[in-house]
Protein chains: 2
Amino acid sequence: MKTINLDYAAGAPLDRAVLDKMISFFTEDYGNPSSGHSLGDKPRKAMEEARQNIALLIGADSKGIVFTASASEANNLAVKGLIKAGKKKGDHIIASAVEHFSVLNQLKSLQKEGYKVTLLPVDSYGAVNPEQLEKAITDQTILVSIQTANPEIGTIQPVEKLSALARDKEIPFHTDASAAAGWMELDVEKMGVDLLTLAGDQFYGPKGSGALYVRRGVRLMPLIEGGIQERGLRAGTENIPAIVGFGEAAKVARENLEERSKKFAALRDELKESLFNSIPHLHLNGHPENRLSRNLHVSVSFVEGEALLMRLQMAGIYVSSGSSCTSQALKSSHVLTALGLSPELAQGSLQLTLGPESKAEDIPYITEQLGEIAALLRNMSPLYHQYLKEENSNA
Amino acid sequence: MKTINLDYAAGAPLDRAVLDKMISFFTEDYGNPSSGHSLGDKPRKAMEEARQNIALLIGADSKGIVFTASASEANNLAVKGLIKAGKKKGDHIIASAVEHFSVLNQLKSLQKEGYKVTLLPVDSYGAVNPEQLEKAITDQTILVSIQTANPEIGTIQPVEKLSALARDKEIPFHTDASAAAGWMELDVEKMGVDLLTLAGDQFYGPKGSGALYVRRGVRLMPLIEGGIQERGLRAGTENIPAIVGFGEAAKVARENLEERSKKFAALRDELKESLFNSIPHLHLNGHPENRLSRNLHVSVSFVEGEALLMRLQMAGIYVSSGSSCTSQALKSSHVLTALGLSPELAQGSLQLTLGPESKAEDIPYITEQLGEIAALLRNMSPLYHQYLKEENSNA
């Protein structure tokens with residue numbers, strides 16, 4: 001049977017160039033960059049080259065890049081690291097309601113410790129309104145954390161405008177760019193951010209590769225204390241193969257940014273058009289234009305997402321019905337709830353993320369299968385039959 | 001020129017079987033174990049198989065294994081995670097003076113937060129005396145953390161006796177077994193420990209692979225908050241290739257434990273004998289017998305370790321003159337200081353760690369080179385000439 005992966009946000013194969021670059025660091029150049037002797041030289045040089053490539057992807061000084069093992073770790077280092085350093089006095093933190101759980105769950109813990117948290121609402125497209133941020137800032141605000149783009153619905157946030165408001169009041173601004181990096185142009189200067197989270201595995205780099213950009217002058221306490229690696233900000237033997245792969249993926253992403261993003265946006269729009277042209281009761285989630293190029297997110301009325309997902313899988317099509325971190329735990333995503341989507345539409349949602357093997361030839365098959373399965377499930381829904389009855393009586 | 005690596009503690013090549021097992025998870029089986037669809041099945045199964053193999057290496061229930069990205073992270077999760085969970089009331093923590101910095105530096109931070117810390121002294125071999133622990137325990141003690149074996153000098157601690165004292169008082173006992181695991185038999189039941197730290201890269205597994213064993217009933221707060229991976233104890237997309245490699249390395253280590261450890265102990269003893277038979281002014285650090293099989297640690301009187309290291313490197317021999325995490329930062333190791341070694345002997349110390357390419361045929365060359373270089377450097381030392389003068393006048 002055909003296999004069509006439309007869930008590349010959950011995981012993607014390594015770019016061949018990336019894996020090729022990594023291999024020798026597993027077997028030959030296995031030295032420790034912190035070593036006093038020359039077995040550490042090649043790994044150390046490769047690590048600094050990777051740091052440079054990652055910095056270039058976001059227009060940053062490479063000295064500001066701190067390697068971590070994931071975006072979740074980088075988000076934790078950003079939020080807890082900044083707050084523990086306690087440079088700015090106050091007890092108020094602002095974030096958006098659609099942040100990743102690796103931001104939101106920290107805030108819940110910090111609330112228990114006595115911090116005050118404001119979660120900014122989003123509009124029906126998932127975007128934060130700068131006016132809402134302006135109103136939320138107080139003289140006690142010590143951190144604003146708003147993502148660059150949403151990992152689930154793909155909506156891009158107006159980070160530049162948001163960060164300007166924070167900067168005006170000298171409040172550090174963190175952005176989780178893990179879904180955005182590698183897929184849109186990012187520049188920490190233009191964006192005006194102090195802390196920025198990256199995930200290598202979100203742009204065909206290896207799992208276990210993440211980073212936090214830290215602007216010069218921003219003081220953090222380490223989350224993982226110990227050795228003096230990463231200028232004392234993150235202890236532990238450097239995972240050189242992952243770092244090297246991360247750097248190579250950043251290089252490839254930067255060199256192909258425009259081409260990749262145009263190609264995926266075109267393919268995504270073709271898929272969107274095909275689905276909306278032939279499937280009734282379909283709703284687009286997220287912003288119609290201002291969204292990540294590889295992301296499409298839809299809700300199917302009268303249909304339960306899990307059932308859809310299972311039947312699509314039987315047809316060889318793999319999609320997600322929420323963020324992969326939560327799909328095993330929760331029914332309805334906090335992001336869709338924040339959009340004001342009805343529970344019914346939130347439960348019938350599908351996140352479609354394109355990747356290296358996505359192709360236009362598969363669109364008719366995807367459309368046909370999704371259309372048939374949606375029709376089948378809809379027919380099994382009491383809500384749908386009630387809706388039909390009401391439509392008929394209205395007619 | 002010959003290349004002889006005697007610094008495998010700082011980094012070692014991946015076992016071929018380990019790398020082979022990892023590769024498909026980079027390129028084909030790249031799915032996310034948390035996915036709701038079947039692309040996550042193979043990675044999830046592989047992850048649980050790895051968890052099982054790691055558990056078997058330490059006689060634990062696989063449910064107790066929490067994956068991390070390093071031993072440093074596992075040590076931080078153990079200490080801070082336990083203290084933050086605050087199940088046992090009190091403000092006193094006990095550790096040994098020869099713990100790794102990823103334990104010691106946390107304790108420094110905790111002291112600043114108001115916790116009281118007792119660092120137990122060690123004897124001249126580097127071992128903790130259980131009587132010292134018994135005296136140090138108070139009704140305020142909430143954690144005892146003592147390593148299984150020292151990563152620098154290789155001395156094995158009497159963990160069983162130490163943990164029994166903590167257990168008597170219902171105090172959780174953590175042991176950093178990152179240097180020991182894979183090289184000696186470990187069993188969390190016999191050892192009587194509640195938390196145990198592992199590092200895959202210390203037994204030919206990949207960098208970026210670590211774990212914390214957590215005994216059932218021991219409550220921890222996560223260090224990295226976010227998704228519900230690792231039963232909520234460690235958020236972030238699972239690094240499946242690293243986890244799979246870690247599991248395979250654990251399997252290989254377990255299957256070859258006795259053979260490996262005998263082989264290395266024999267080779268190490270042969271090296272030791274050869275060095276001590278032909279090089280004067282040499283001192284053994286650590287316990288003569290009760291030490292890790294692949295570890296040898298010596299001090300050369302009248303000689304500075306860094307100079308020795310540099311000249312050995314010119315002869316193609318790579319050694320370490322302290323733990324690799326600190327060799328770029330500090331002159332004298334806290335471990336050697338804790339043994340009561342004179343600063344002079346501490347500075348002239350060499351850590352020799354055997355590995356996969358170590359062989360008996362190299363011993364004469366190592367002995368000859370170290371002998372010649374030590375003699376050369378000794379002759380340049382004013383202290384040595386003073387010593388000779390005193391010897392002559394005494395004669």
# chains A, B, ... in the order shown; residues from 1 in each chain; ligands from 1
call {"tool": "select_by_dssp", "arguments": {"residues": "stretch 277-308 of chain B", "states": "strand (DSSP E or B)", "output": "MDAnalysis selection string"}}
result
chainID B and resid 282:284 291 295:300
call {"tool": "closest_atom_pairs", "arguments": {"of": "chain A", "to": "chain B", "cutoff": "7 Å", "atoms": "only C-alpha atoms", "output": "CSV"}}
result
residue,atom,partner,partner_atom,distance
A:Ala10,CA,B:Asn32,CA,5.6
A:Gly11,CA,B:Gly31,CA,5.1
A:Ala12,CA,B:Tyr30,CA,5.8
A:Pro13,CA,B:Thr27,CA,4.6
A:Leu14,CA,B:Thr27,CA,5.5
A:Phe26,CA,B:Leu14,CA,5.7
A:Thr27,CA,B:Pro13,CA,4.6
A:Glu28,CA,B:Pro13,CA,6.4
A:Tyr30,CA,B:Pro13,CA,5.5
A:Gly31,CA,B:Gly11,CA,5.1
A:Asn32,CA,B:Gly11,CA,5.6
A:Ser34,CA,B:Ser324,CA,5.8
A:Ser35,CA,B:Ser324,CA,5.2
A:Gly36,CA,B:Ser327,CA,6.2
A:His37,CA,B:Tyr318,CA,6.7
A:Ala69,CA,B:Ala69,CA,6.4
A:Ser70,CA,B:Gly236,CA,6.1
A:Ser72,CA,B:Gly236,CA,5.2
A:Glu73,CA,B:Ile224,CA,5.7
A:Asn76,CA,B:Ile224,CA,6.0
A:Phe101,CA,B:Gly226,CA,4.5
A:Ser102,CA,B:Gly226,CA,3.5
A:Val103,CA,B:Gly226,CA,6.8
A:Asn105,CA,B:Gly226,CA,5.5
A:Gln106,CA,B:Glu225,CA,5.9
A:Lys207,CA,B:Asn239,CA,5.1
A:Gly208,CA,B:Asn239,CA,5.1
A:Ile224,CA,B:Glu73,CA,5.7
A:Glu225,CA,B:Ser102,CA,5.5
A:Gly226,CA,B:Ser102,CA,3.5
A:Gly227,CA,B:Cys325,CA,5.3
A:Ile228,CA,B:Cys325,CA,6.7
A:Ala235,CA,B:Ser72,CA,6.4
A:Gly236,CA,B:Ser72,CA,5.2
A:Asn239,CA,B:Lys207,CA,5.1
A:Gln313,CA,B:His37,CA,6.9
A:Tyr318,CA,B:His37,CA,6.7
A:Ser324,CA,B:Ser35,CA,5.2
A:Cys325,CA,B:Gly227,CA,5.3
A:Thr326,CA,B:Gly227,CA,6.7
A:Ser327,CA,B:Gly36,CA,6.2
A:Gln328,CA,B:Gly36,CA,6.3
call {"tool": "closest_residue", "arguments": {"among": "A:Ala78, A:Ala250, A:Ile4, A:Leu341", "to": "A:Ser124", "atoms": "only C-alpha atoms"}}
result
A:Leu341
call {"tool": "residues_around", "arguments": {"residues": "B:Ile93", "least_positions_apart": "6", "cutoff": "10 Å", "atoms": "only C-alpha atoms", "output": "number ranges by chain"}}
result
B: 79, 83, 107, 110-111, 115-119, 136-138, 140-145, 171
call {"tool": "write_last_selection", "arguments": {"atoms": "N, CA and C atoms", "output": "PDB file, in the first residue's frame"}}
result
ATOM      1  N   VAL B  79      19.051  15.318  42.069  1.00  0.00           N
ATOM      2  CA  VAL B  79      19.219  16.187  43.244  1.00  0.00           C
ATOM      3  C   VAL B  79      18.139  17.265  43.289  1.00  0.00           C
ATOM      4  N   ILE B  83      14.647  17.356  45.641  1.00  0.00           N
ATOM      5  CA  ILE B  83      14.516  18.431  46.634  1.00  0.00           C
ATOM      6  C   ILE B  83      13.295  19.289  46.338  1.00  0.00           C
ATOM      7  N   LEU B 107      24.995  21.608  44.612  1.00  0.00           N
ATOM      8  CA  LEU B 107      24.961  21.778  46.064  1.00  0.00           C
ATOM      9  C   LEU B 107      25.375  23.193  46.450  1.00  0.00           C
ATOM     10  N   LEU B 110      22.377  25.247  45.929  1.00  0.00           N
ATOM     11  CA  LEU B 110      21.385  24.976  46.972  1.00  0.00           C
ATOM     12  C   LEU B 110      21.799  25.610  48.299  1.00  0.00           C
ATOM     13  N   GLN B 111      23.091  25.661  48.551  1.00  0.00           N
ATOM     14  CA  GLN B 111      23.571  26.336  49.763  1.00  0.00           C
ATOM     15  C   GLN B 111      23.173  27.804  49.765  1.00  0.00           C
ATOM     16  N   TYR B 115      20.031  25.801  51.890  1.00  0.00           N
ATOM     17  CA  TYR B 115      20.221  24.403  52.294  1.00  0.00           C
ATOM     18  C   TYR B 115      21.591  24.239  52.957  1.00  0.00           C
ATOM     19  N   LYS B 116      21.681  23.288  53.848  1.00  0.00           N
ATOM     20  CA  LYS B 116      22.956  22.972  54.490  1.00  0.00           C
ATOM     21  C   LYS B 116      23.557  21.744  53.814  1.00  0.00           C
ATOM     22  N   VAL B 117      24.839  21.800  53.548  1.00  0.00           N
ATOM     23  CA  VAL B 117      25.492  20.716  52.814  1.00  0.00           C
ATOM     24  C   VAL B 117      26.687  20.196  53.612  1.00  0.00           C
ATOM     25  N   THR B 118      26.755  18.879  53.757  1.00  0.00           N
ATOM     26  CA  THR B 118      27.951  18.260  54.329  1.00  0.00           C
ATOM     27  C   THR B 118      28.655  17.474  53.231  1.00  0.00           C
ATOM     28  N   LEU B 119      29.922  17.811  52.980  1.00  0.00           N
ATOM     29  CA  LEU B 119      30.717  17.022  52.037  1.00  0.00           C
ATOM     30  C   LEU B 119      31.613  16.093  52.838  1.00  0.00           C
ATOM     31  N   ALA B 136      27.348  12.122  60.071  1.00  0.00           N
ATOM     32  CA  ALA B 136      26.866  13.334  59.395  1.00  0.00           C
ATOM     33  C   ALA B 136      25.348  13.413  59.299  1.00  0.00           C
ATOM     34  N   ILE B 137      24.699  12.243  59.318  1.00  0.00           N
ATOM     35  CA  ILE B 137      23.234  12.230  59.159  1.00  0.00           C
ATOM     36  C   ILE B 137      22.550  12.911  60.351  1.00  0.00           C
ATOM     37  N   THR B 138      21.617  13.805  60.034  1.00  0.00           N
ATOM     38  CA  THR B 138      20.808  14.434  61.092  1.00  0.00           C
ATOM     39  C   THR B 138      19.330  14.174  60.778  1.00  0.00           C
ATOM     40  N   GLN B 140      17.432  16.283  59.852  1.00  0.00           N
ATOM     41  CA  GLN B 140      17.102  17.229  58.781  1.00  0.00           C
ATOM     42  C   GLN B 140      17.614  16.755  57.420  1.00  0.00           C
ATOM     43  N   THR B 141      18.309  15.625  57.398  1.00  0.00           N
ATOM     44  CA  THR B 141      18.920  15.167  56.142  1.00  0.00           C
ATOM     45  C   THR B 141      17.846  14.653  55.183  1.00  0.00           C
ATOM     46  N   ILE B 142      17.848  15.200  53.961  1.00  0.00           N
ATOM     47  CA  ILE B 142      16.818  14.822  52.989  1.00  0.00           C
ATOM     48  C   ILE B 142      17.385  14.067  51.792  1.00  0.00           C
ATOM     49  N   LEU B 143      18.695  14.031  51.671  1.00  0.00           N
ATOM     50  CA  LEU B 143      19.308  13.336  50.533  1.00  0.00           C
ATOM     51  C   LEU B 143      20.767  13.023  50.837  1.00  0.00           C
ATOM     52  N   VAL B 144      21.164  11.795  50.448  1.00  0.00           N
ATOM     53  CA  VAL B 144      22.583  11.443  50.452  1.00  0.00           C
ATOM     54  C   VAL B 144      22.950  11.079  49.013  1.00  0.00           C
ATOM     55  N   SER B 145      24.009  11.691  48.502  1.00  0.00           N
ATOM     56  CA  SER B 145      24.446  11.410  47.128  1.00  0.00           C
ATOM     57  C   SER B 145      25.922  11.052  47.121  1.00  0.00           C
ATOM     58  N   ILE B 171      16.125   8.062  54.428  1.00  0.00           N
ATOM     59  CA  ILE B 171      16.644   9.166  53.617  1.00  0.00           C
ATOM     60  C   ILE B 171      16.952   8.637  52.220  1.00  0.00           C
TER      61      ILE B 171
END
